[in-house]
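Asker: Got query31.csv for you, CSV, C-alpha atoms:
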chain,number,residue,atom,x,y,z
A,9,MET,CA,49.3,-34.5,-41.3
A,10,ALA,CA,47.8,-34.0,-37.9
A,11,ALA,CA,47.3,-30.3,-38.6
A,12,ARG,CA,45.6,-31.1,-41.9
A,13,ASP,CA,43.4,-33.7,-40.3
A,14,PHE,CA,42.4,-31.3,-37.6
A,15,GLU,CA,41.6,-28.7,-40.3
A,16,GLN,CA,39.5,-31.1,-42.3
A,17,PHE,CA,37.7,-32.2,-39.1
A,18,GLY,CA,37.0,-28.5,-38.3
A,19,LEU,CA,35.6,-27.9,-41.7
A,20,TRP,CA,33.4,-31.0,-41.6
A,21,TYR,CA,32.1,-30.1,-38.1
A,22,SER,CA,31.3,-26.5,-39.1
A,23,THR,CA,29.5,-27.8,-42.2
A,24,VAL,CA,27.4,-30.2,-40.3
A,25,TRP,CA,26.6,-27.6,-37.6
A,26,VAL,CA,25.5,-25.0,-40.2
A,27,ILE,CA,23.4,-27.7,-42.1
A,28,GLY,CA,21.9,-28.8,-38.8
A,29,ILE,CA,21.0,-25.2,-37.8
A,30,GLU,CA,19.5,-24.6,-41.2
A,31,GLN,CA,17.4,-27.8,-40.9
A,32,ILE,CA,16.2,-26.8,-37.5
A,33,LEU,CA,15.2,-23.3,-38.7
A,34,ASP,CA,13.4,-24.9,-41.7
A,35,GLU,CA,11.5,-27.3,-39.5
A,36,SER,CA,10.7,-25.0,-36.7
A,37,GLY,CA,10.5,-21.7,-38.4
A,38,GLU,CA,6.8,-21.5,-37.6
A,39,ASP,CA,7.6,-22.2,-33.9
A,40,PHE,CA,10.1,-19.3,-33.8
A,41,ALA,CA,7.6,-17.0,-35.4
A,42,GLN,CA,4.9,-18.0,-33.0
A,43,LYS,CA,7.3,-17.5,-30.0
A,44,GLU,CA,8.2,-14.1,-31.4
A,45,VAL,CA,4.6,-13.1,-31.7
A,46,VAL,CA,3.9,-14.3,-28.1
A,47,LEU,CA,6.9,-12.4,-26.8
A,48,THR,CA,5.9,-9.3,-28.6
A,49,ALA,CA,2.4,-9.5,-27.2
A,50,ARG,CA,3.7,-10.0,-23.6
A,51,VAL,CA,6.0,-7.1,-23.9
A,52,GLY,CA,3.2,-5.0,-25.2
A,53,ARG,CA,0.9,-6.0,-22.3
A,54,ALA,CA,3.7,-5.2,-19.8
A,55,VAL,CA,4.2,-1.7,-21.3
A,56,GLU,CA,0.5,-1.1,-21.3
A,57,LYS,CA,0.3,-2.1,-17.6
A,58,VAL,CA,3.1,0.2,-16.7
A,59,ARG,CA,1.4,3.0,-18.7
A,60,ARG,CA,-1.9,2.3,-17.0
A,61,PHE,CA,-0.2,2.2,-13.6
A,62,ALA,CA,1.3,5.6,-14.2
A,63,LYS,CA,-2.0,7.0,-15.4
A,64,ASN,CA,-3.9,5.6,-12.4
A,65,CYS,CA,-1.3,7.2,-10.0
A,66,GLN,CA,-1.8,10.5,-11.7
A,67,ALA,CA,-5.6,10.2,-11.8
A,68,ASP,CA,-5.7,9.2,-8.1
A,69,ARG,CA,-3.5,12.2,-7.2
A,70,CYS,CA,-0.9,10.1,-5.4
A,71,GLN,CA,1.7,12.8,-5.4
A,72,MET,CA,-0.5,15.4,-3.9
A,73,ILE,CA,-1.9,12.9,-1.3
A,74,ALA,CA,1.6,11.8,-0.4
A,75,GLY,CA,2.4,15.5,0.3
A,76,ALA,CA,-0.7,15.8,2.6
A,77,LEU,CA,0.2,12.6,4.4
A,78,THR,CA,3.7,13.8,4.9
A,79,LEU,CA,2.5,16.7,7.0
A,80,GLN,CA,0.1,14.5,8.9
A,81,THR,CA,2.8,11.9,9.5
A,82,LEU,CA,4.9,14.6,11.3
A,83,PHE,CA,2.2,14.8,13.9
A,84,ALA,CA,1.3,11.1,14.0
A,85,LEU,CA,4.9,9.8,14.2
A,86,VAL,CA,5.2,10.6,17.9
A,87,PRO,CA,1.9,8.9,18.9
A,88,GLY,CA,2.9,5.8,16.9
A,89,LEU,CA,6.3,5.6,18.4
A,90,THR,CA,4.9,6.2,21.9
A,91,ILE,CA,2.4,3.3,21.4
A,92,ALA,CA,5.4,1.1,20.3
A,93,TYR,CA,7.3,2.1,23.5
A,94,LEU,CA,4.3,1.4,25.7
A,95,SER,CA,3.8,-2.0,24.0
A,96,LEU,CA,7.5,-2.7,24.6
A,97,SER,CA,7.2,-1.9,28.3
A,98,THR,CA,4.2,-4.3,28.5
A,99,PHE,CA,6.6,-7.2,27.8
A,100,GLU,CA,8.9,-6.0,30.6
A,101,ALA,CA,11.9,-6.0,28.3
A,102,SER,CA,15.4,-5.3,29.5
A,103,LEU,CA,17.1,-2.0,28.9
A,104,ALA,CA,19.5,-3.5,26.4
A,105,LEU,CA,16.6,-5.0,24.4
A,106,SER,CA,14.7,-1.7,24.6
A,107,ARG,CA,17.7,0.2,23.1
A,108,SER,CA,18.1,-2.4,20.4
A,109,MET,CA,14.4,-2.1,19.6
A,110,GLU,CA,14.7,1.7,19.4
A,111,ASN,CA,17.6,1.5,17.0
A,112,VAL,CA,15.8,-1.0,14.7
A,113,ILE,CA,12.5,0.9,14.8
A,114,PHE,CA,14.2,4.3,14.0
A,115,SER,CA,16.3,2.7,11.2
A,116,TYR,CA,13.0,1.7,9.5
A,117,VAL,CA,11.2,5.0,10.2
A,118,VAL,CA,14.0,7.4,9.6
A,119,PRO,CA,17.3,6.4,7.7
A,120,GLU,CA,20.5,6.8,9.5
A,121,SER,CA,21.4,9.7,7.2
A,122,VAL,CA,18.8,11.8,9.1
A,123,GLY,CA,20.2,10.7,12.4
A,124,LYS,CA,19.5,14.0,14.1
A,125,ALA,CA,15.8,13.4,13.5
A,126,GLN,CA,16.1,10.1,15.3
A,127,GLU,CA,17.4,12.0,18.4
A,128,TYR,CA,14.5,14.5,18.3
A,129,LEU,CA,11.9,11.8,17.7
A,130,ARG,CA,13.3,9.8,20.6
A,131,GLN,CA,13.1,12.9,22.9
A,132,PHE,CA,9.5,13.7,21.8
A,133,SER,CA,8.4,10.1,22.4
A,134,ASP,CA,10.0,10.0,25.8
A,135,GLN,CA,8.1,13.2,26.7
A,136,ALA,CA,4.9,11.9,25.2
A,137,GLN,CA,4.8,9.0,27.6
A,138,THR,CA,4.3,11.6,30.4
A,139,LEU,CA,1.6,13.6,28.7
A,140,SER,CA,-1.7,14.5,30.3
A,141,ILE,CA,-4.9,12.7,29.3
A,142,PRO,CA,-6.2,15.6,27.1
A,143,SER,CA,-2.8,15.9,25.3
A,144,ALA,CA,-2.8,12.1,24.8
A,145,VAL,CA,-6.3,12.3,23.3
A,146,LEU,CA,-5.2,15.0,21.0
A,147,LEU,CA,-2.3,13.0,19.7
A,148,GLY,CA,-4.6,10.0,19.3
A,149,ILE,CA,-7.0,12.2,17.2
A,150,THR,CA,-4.1,13.2,15.0
A,151,ALA,CA,-3.2,9.6,14.3
A,152,ILE,CA,-6.9,8.8,13.6
A,153,LEU,CA,-7.1,11.7,11.1
A,154,MET,CA,-4.1,10.3,9.3
A,155,LEU,CA,-5.7,6.9,9.1
A,156,ASN,CA,-8.9,8.5,7.8
A,157,THR,CA,-6.9,10.1,5.0
A,158,ILE,CA,-5.2,6.8,4.2
A,159,GLU,CA,-8.6,5.0,4.1
A,160,GLN,CA,-10.1,7.6,1.8
A,161,THR,CA,-7.1,7.3,-0.5
A,162,PHE,CA,-7.2,3.5,-0.6
A,163,ASN,CA,-11.0,3.5,-1.2
A,164,GLN,CA,-10.4,5.9,-4.1
A,165,ILE,CA,-7.7,3.7,-5.5
A,166,TRP,CA,-9.9,0.6,-5.2
A,167,ARG,CA,-12.9,2.6,-6.6
A,168,VAL,CA,-15.0,2.0,-3.5
A,169,THR,CA,-18.3,3.9,-3.6
A,170,ALA,CA,-19.5,2.9,-0.1
A,171,PRO,CA,-16.9,3.5,2.6
A,172,ARG,CA,-17.1,2.4,6.2
A,173,THR,CA,-19.2,4.4,8.6
A,174,GLY,CA,-19.5,4.9,12.3
A,175,LEU,CA,-18.3,2.2,14.6
A,176,ARG,CA,-16.9,0.0,11.9
A,177,ARG,CA,-14.5,2.7,10.8
A,178,LEU,CA,-13.5,3.4,14.4
A,179,ALA,CA,-13.0,-0.3,15.2
A,180,VAL,CA,-10.6,-0.6,12.2
A,181,TYR,CA,-8.7,2.4,13.2
A,182,ILE,CA,-8.2,1.3,16.8
A,183,ALA,CA,-7.2,-2.2,15.6
A,184,LEU,CA,-4.6,-0.7,13.3
A,185,LEU,CA,-3.3,1.7,15.9
A,186,THR,CA,-2.8,-1.1,18.4
A,187,LEU,CA,-2.1,-4.2,16.3
A,188,GLY,CA,0.4,-2.5,14.0
A,189,PRO,CA,2.8,-1.4,16.8
A,190,LEU,CA,2.2,-4.7,18.6
A,191,LEU,CA,3.2,-6.7,15.6
A,192,LEU,CA,6.2,-4.6,15.0
A,193,VAL,CA,7.4,-4.8,18.7
A,194,LEU,CA,6.6,-8.5,19.0
A,195,GLY,CA,8.5,-9.4,15.8
A,196,LEU,CA,11.5,-7.2,16.6
A,197,SER,CA,11.7,-8.4,20.2
A,198,ILE,CA,11.7,-12.0,19.2
A,199,THR,CA,14.3,-11.4,16.5
A,200,ILE,CA,16.6,-9.5,18.8
A,201,TYR,CA,16.2,-11.9,21.7
A,202,VAL,CA,16.7,-15.1,19.6
A,203,PHE,CA,19.8,-13.8,17.8
A,204,SER,CA,21.3,-12.4,21.0
A,205,LEU,CA,21.6,-15.9,22.5
A,206,PRO,CA,25.2,-16.9,22.9
A,207,TYR,CA,25.1,-19.8,20.4
A,208,LEU,CA,23.2,-17.9,17.7
A,209,SER,CA,25.1,-14.6,18.1
A,210,ASN,CA,28.3,-16.3,17.0
A,211,LEU,CA,26.8,-17.8,13.8
A,212,ALA,CA,27.8,-16.2,10.5
A,213,GLY,CA,24.2,-15.7,9.5
A,214,SER,CA,23.0,-14.0,12.6
A,215,GLN,CA,23.4,-10.5,11.0
A,216,TRP,CA,21.2,-11.7,8.1
A,217,GLY,CA,18.7,-12.9,10.6
A,218,LEU,CA,18.6,-9.5,12.3
A,219,TRP,CA,17.8,-8.0,8.9
A,220,ILE,CA,15.4,-10.5,7.4
A,221,LEU,CA,13.0,-10.8,10.3
A,222,PRO,CA,12.4,-7.1,10.7
A,223,PHE,CA,12.0,-7.0,6.9
A,224,LEU,CA,9.3,-9.7,7.0
A,225,THR,CA,7.6,-7.8,9.9
A,226,SER,CA,7.4,-4.6,7.9
A,227,ALA,CA,6.2,-6.6,4.9
A,228,ALA,CA,3.5,-8.1,7.1
A,229,MET,CA,2.4,-4.6,8.2
A,230,TYR,CA,2.1,-3.4,4.6
A,231,THR,CA,0.2,-6.6,3.7
A,232,LEU,CA,-2.2,-6.0,6.6
A,233,ALA,CA,-2.7,-2.4,5.5
A,234,TYR,CA,-3.5,-3.4,1.8
A,235,TRP,CA,-5.8,-6.1,3.0
A,236,VAL,CA,-7.7,-4.4,5.8
A,237,ILE,CA,-7.9,-0.6,5.1
A,238,PRO,CA,-9.8,-0.5,1.8
A,239,ASN,CA,-13.5,-1.3,2.2
A,240,ALA,CA,-13.3,-3.9,-0.6
A,241,LEU,CA,-12.6,-7.6,-1.0
A,242,VAL,CA,-8.9,-7.8,-1.5
A,243,ASN,CA,-7.3,-11.1,-2.2
A,244,TRP,CA,-4.8,-11.8,0.5
A,245,ARG,CA,-2.3,-13.2,-2.1
A,246,HIS,CA,-2.4,-9.9,-3.9
A,247,ALA,CA,-2.0,-8.0,-0.7
A,248,LEU,CA,1.0,-10.2,0.3
A,249,LEU,CA,2.6,-9.6,-3.1
A,250,GLY,CA,2.2,-5.9,-2.7
A,251,GLY,CA,3.5,-6.0,0.9
A,252,LEU,CA,6.6,-7.9,-0.1
A,253,GLY,CA,7.2,-5.7,-3.1
A,254,VAL,CA,6.9,-2.5,-1.1
A,255,ALA,CA,9.2,-3.9,1.6
A,256,VAL,CA,11.9,-4.6,-1.0
A,257,ILE,CA,11.5,-1.2,-2.6
A,258,PHE,CA,11.8,0.4,0.8
A,259,GLU,CA,15.1,-1.3,1.4
A,260,VAL,CA,16.4,0.0,-2.0
A,261,ALA,CA,15.0,3.4,-1.4
A,262,ARG,CA,16.6,3.6,2.1
A,263,PHE,CA,20.0,2.7,0.6
A,264,GLY,CA,19.7,5.2,-2.2
A,265,PHE,CA,18.4,8.0,0.1
A,266,ALA,CA,21.3,7.5,2.5
A,267,LEU,CA,23.7,7.6,-0.4
A,268,VAL,CA,22.3,10.8,-1.8
A,269,MET,CA,22.2,12.4,1.7
A,270,THR,CA,25.8,11.5,2.3
A,271,TYR,CA,27.0,13.4,-0.7
A,272,SER,CA,24.4,16.2,-0.7
A,273,ASP,CA,25.1,19.8,0.4
A,274,MET,CA,21.8,20.1,2.3
A,275,ALA,CA,23.7,20.9,5.6
A,276,VAL,CA,25.6,23.7,3.9
A,277,VAL,CA,22.4,25.2,2.5
A,278,TYR,CA,20.0,24.8,5.5
A,279,GLY,CA,22.5,24.7,8.3
A,280,ALA,CA,21.0,23.5,11.6
A,281,PHE,CA,17.6,23.1,9.9
A,282,ALA,CA,18.9,20.5,7.4
A,283,VAL,CA,17.3,17.7,9.4
A,284,LEU,CA,13.7,19.0,8.6
A,285,PRO,CA,13.9,18.9,4.8
A,286,GLY,CA,15.7,15.6,4.9
A,287,LEU,CA,13.0,14.1,7.1
A,288,LEU,CA,10.2,15.6,5.0
A,289,LEU,CA,11.7,14.2,1.8
A,290,TRP,CA,12.1,10.7,3.2
A,291,ILE,CA,8.5,10.6,4.5
A,292,TYR,CA,7.2,11.9,1.2
A,293,ILE,CA,9.2,9.2,-0.7
A,294,SER,CA,7.8,6.6,1.8
A,295,TRP,CA,4.3,7.6,1.1
A,296,LEU,CA,4.8,7.5,-2.7
A,297,ILE,CA,6.1,3.9,-2.3
A,298,ILE,CA,3.1,2.9,-0.1
A,299,LEU,CA,0.5,4.5,-2.4
A,300,GLY,CA,2.3,3.0,-5.5
A,301,GLY,CA,2.0,-0.4,-3.8
A,302,ALA,CA,-1.7,0.1,-3.3
A,303,GLU,CA,-2.1,1.0,-6.9
A,304,LEU,CA,-0.3,-2.2,-7.8
A,305,VAL,CA,-2.4,-4.4,-5.6
A,306,ALA,CA,-5.6,-2.8,-6.9
A,307,GLU,CA,-4.4,-3.3,-10.5
A,308,ILE,CA,-3.5,-6.9,-10.0
A,309,GLY,CA,-6.9,-7.7,-8.4
A,310,GLY,CA,-8.9,-5.7,-10.8
A,311,ARG,CA,-10.8,-2.5,-9.9
A,312,GLU,CA,-14.5,-3.2,-9.4
Written as structure tokens, that's how I'd like the structure from this file.
Answerer:
Amino acid sequence: MAARDFEQFGLWYSTVWVIGIEQILDESGEDFAQKEVVLTARVGRAVEKVRRFAKNCQADRCQMIAGALTLQTLFALVPGLTIAYLSLSTFEASLALSRSMENVIFSYVVPESVGKAQEYLRQFSDQAQTLSIPSAVLLGITAILMLNTIEQTFNQIWRVTAPRTGLRRLAVYIALLTLGPLLLVLGLSITIYVFSLPYLSNLAGSQWGLWILPFLTSAAMYTLAYWVIPNALVNWRHALLGGLGVAVIFEVARFGFALVMTYSDMAVVYGAFAVLPGLLLWIYISWLIILGGAELVAEIGGRE
């Protein structure tokens, strides 16, 4: 009897459930149809935005400009790292803090999979600190030329017809060359110092803190670049969204690049010169991400 009662209850429950669903569909069929139309429209708009994004990247020659910036970055990396080191020495940091700072900076500039490049860049930066004044001026000019290329590209992306001229442009370049490394050094030094304290170093989340604060510092630098470099009125919220998005994509790209380099045969093909194509490839990918972020920020804010 119990089994028969259970079977009858199941049949009754299924009937009520089916009737209830049919009634709901009858009563709200129009709502479901409207939701389907709205969802289809949203998907269509998203696809159109992606298509327009790819078209704008192609029209603005982002791939070609990323290649040009890759070569300029090879010459501007050393001045930038030298400024970062000099900024670090201004704070009179300890040797242990300096080494920790170097490791974090190089891990963001060059992935660990191109570790030999980190050694070369560290040696070049150490030598650059003892350069003569004419050589230092030449390195500074190299960095300014790279910033000029970046500004021209950003102005093209934002459809700017009247770029900065004269002293305004020079003031922006000097501010970026000084404030950028200072922000990086200051953020990383605070992070490493705070999480090296005896109490915090034993916490389970200290390793996450050592990752999240440098991540936020790099996101702040990208945000500053998208907000300041183009000679246009950029909404700071849009710049912040682009900076955070680029920082996230950078983390994913670093992981993927390290994975590919680990299992690649580049060292077999290029031998002792394998570090150069690896470094060039990473810098090129980095610039593609940065320029893609600029296209995204410009698209969100509307191109005027």
Asker: Please indicate the distance in Å from atom CA of Thr173 of chain A to atom CA of Leu241 of chain A, rounded to one decimal place.
Answerer: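 Between atom CA of Thr173 of chain A and atom CA of Leu241 of chain A the gap is 16.7 Å.
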Asker: Tell me which of A:Ala261, A:Cys70, A:Ile291, A:Ala62 sits closest to Thr161 of chain A, counting all atoms listed in the file.
Answerer: A:Cys70
Asker: For a test of reading the model, state the distance in Å between atom CA of Gly300 of chain A and atom CA of Val268 of chain A, rounded to one decimal.
Answerer: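 Result for atom CA of Gly300 of chain A versus atom CA of Val268 of chain A: 21.8 Å, one decimal.
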Asker: Mind giving me the straight-line distance from atom CA of Tyr230 of chain A to atom CA of Gly174 of chain A in Å, one decimal?
Answerer: 24.4 Å
Asker: Give me, as JSON, numbers by chain, all polymer residues having an atom no more than 9 Å from Asn156 of chain A, counting only C-alpha atoms and skipping those fewer than 4 positions away in the same chain.
Answerer: {"A": [151, 152, 160, 161, 177, 181]}
Asker: Can you find the residues with an atom no farther than 10 Å from (-0.5, -0.9, 3.4), counting all atoms listed in the file, and report them as a PDB file with C-alpha atoms, in the coordinates of the input?
Answerer:
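File produced: result17.pdb:
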ATOM      1  CA  ILE A 158      -5.200   6.800   4.200  1.00  0.00           C
ATOM      2  CA  PHE A 162      -7.200   3.500  -0.600  1.00  0.00           C
ATOM      3  CA  SER A 226       7.400  -4.600   7.900  1.00  0.00           C
ATOM      4  CA  ALA A 227       6.200  -6.600   4.900  1.00  0.00           C
ATOM      5  CA  ALA A 228       3.500  -8.100   7.100  1.00  0.00           C
ATOM      6  CA  MET A 229       2.400  -4.600   8.200  1.00  0.00           C
ATOM      7  CA  TYR A 230       2.100  -3.400   4.600  1.00  0.00           C
ATOM      8  CA  THR A 231       0.200  -6.600   3.700  1.00  0.00           C
ATOM      9  CA  LEU A 232      -2.200  -6.000   6.600  1.00  0.00           C
ATOM     10  CA  ALA A 233      -2.700  -2.400   5.500  1.00  0.00           C
ATOM     11  CA  TYR A 234      -3.500  -3.400   1.800  1.00  0.00           C
ATOM     12  CA  TRP A 235      -5.800  -6.100   3.000  1.00  0.00           C
ATOM     13  CA  VAL A 236      -7.700  -4.400   5.800  1.00  0.00           C
ATOM     14  CA  ILE A 237      -7.900  -0.600   5.100  1.00  0.00           C
ATOM     15  CA  PRO A 238      -9.800  -0.500   1.800  1.00  0.00           C
ATOM     16  CA  ALA A 247      -2.000  -8.000  -0.700  1.00  0.00           C
ATOM     17  CA  LEU A 248       1.000 -10.200   0.300  1.00  0.00           C
ATOM     18  CA  GLY A 250       2.200  -5.900  -2.700  1.00  0.00           C
ATOM     19  CA  GLY A 251       3.500  -6.000   0.900  1.00  0.00           C
ATOM     20  CA  VAL A 254       6.900  -2.500  -1.100  1.00  0.00           C
ATOM     21  CA  ILE A 297       6.100   3.900  -2.300  1.00  0.00           C
ATOM     22  CA  ILE A 298       3.100   2.900  -0.100  1.00  0.00           C
ATOM     23  CA  LEU A 299       0.500   4.500  -2.400  1.00  0.00           C
ATOM     24  CA  GLY A 301       2.000  -0.400  -3.800  1.00  0.00           C
ATOM     25  CA  ALA A 302      -1.700   0.100  -3.300  1.00  0.00           C
ATOM     26  CA  VAL A 305      -2.400  -4.400  -5.600  1.00  0.00           C
TER      27      VAL A 305
END
Asker: Can you work out which one of A:Leu147, A:Leu178, A:Thr48, A:Ile308 has the shortest atom-to-atom distance to Trp244 of chain A, counting only C-alpha atoms?
Answerer: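 Residue with the minimum atom-to-atom distance to Trp244 of chain A: A:Ile308.
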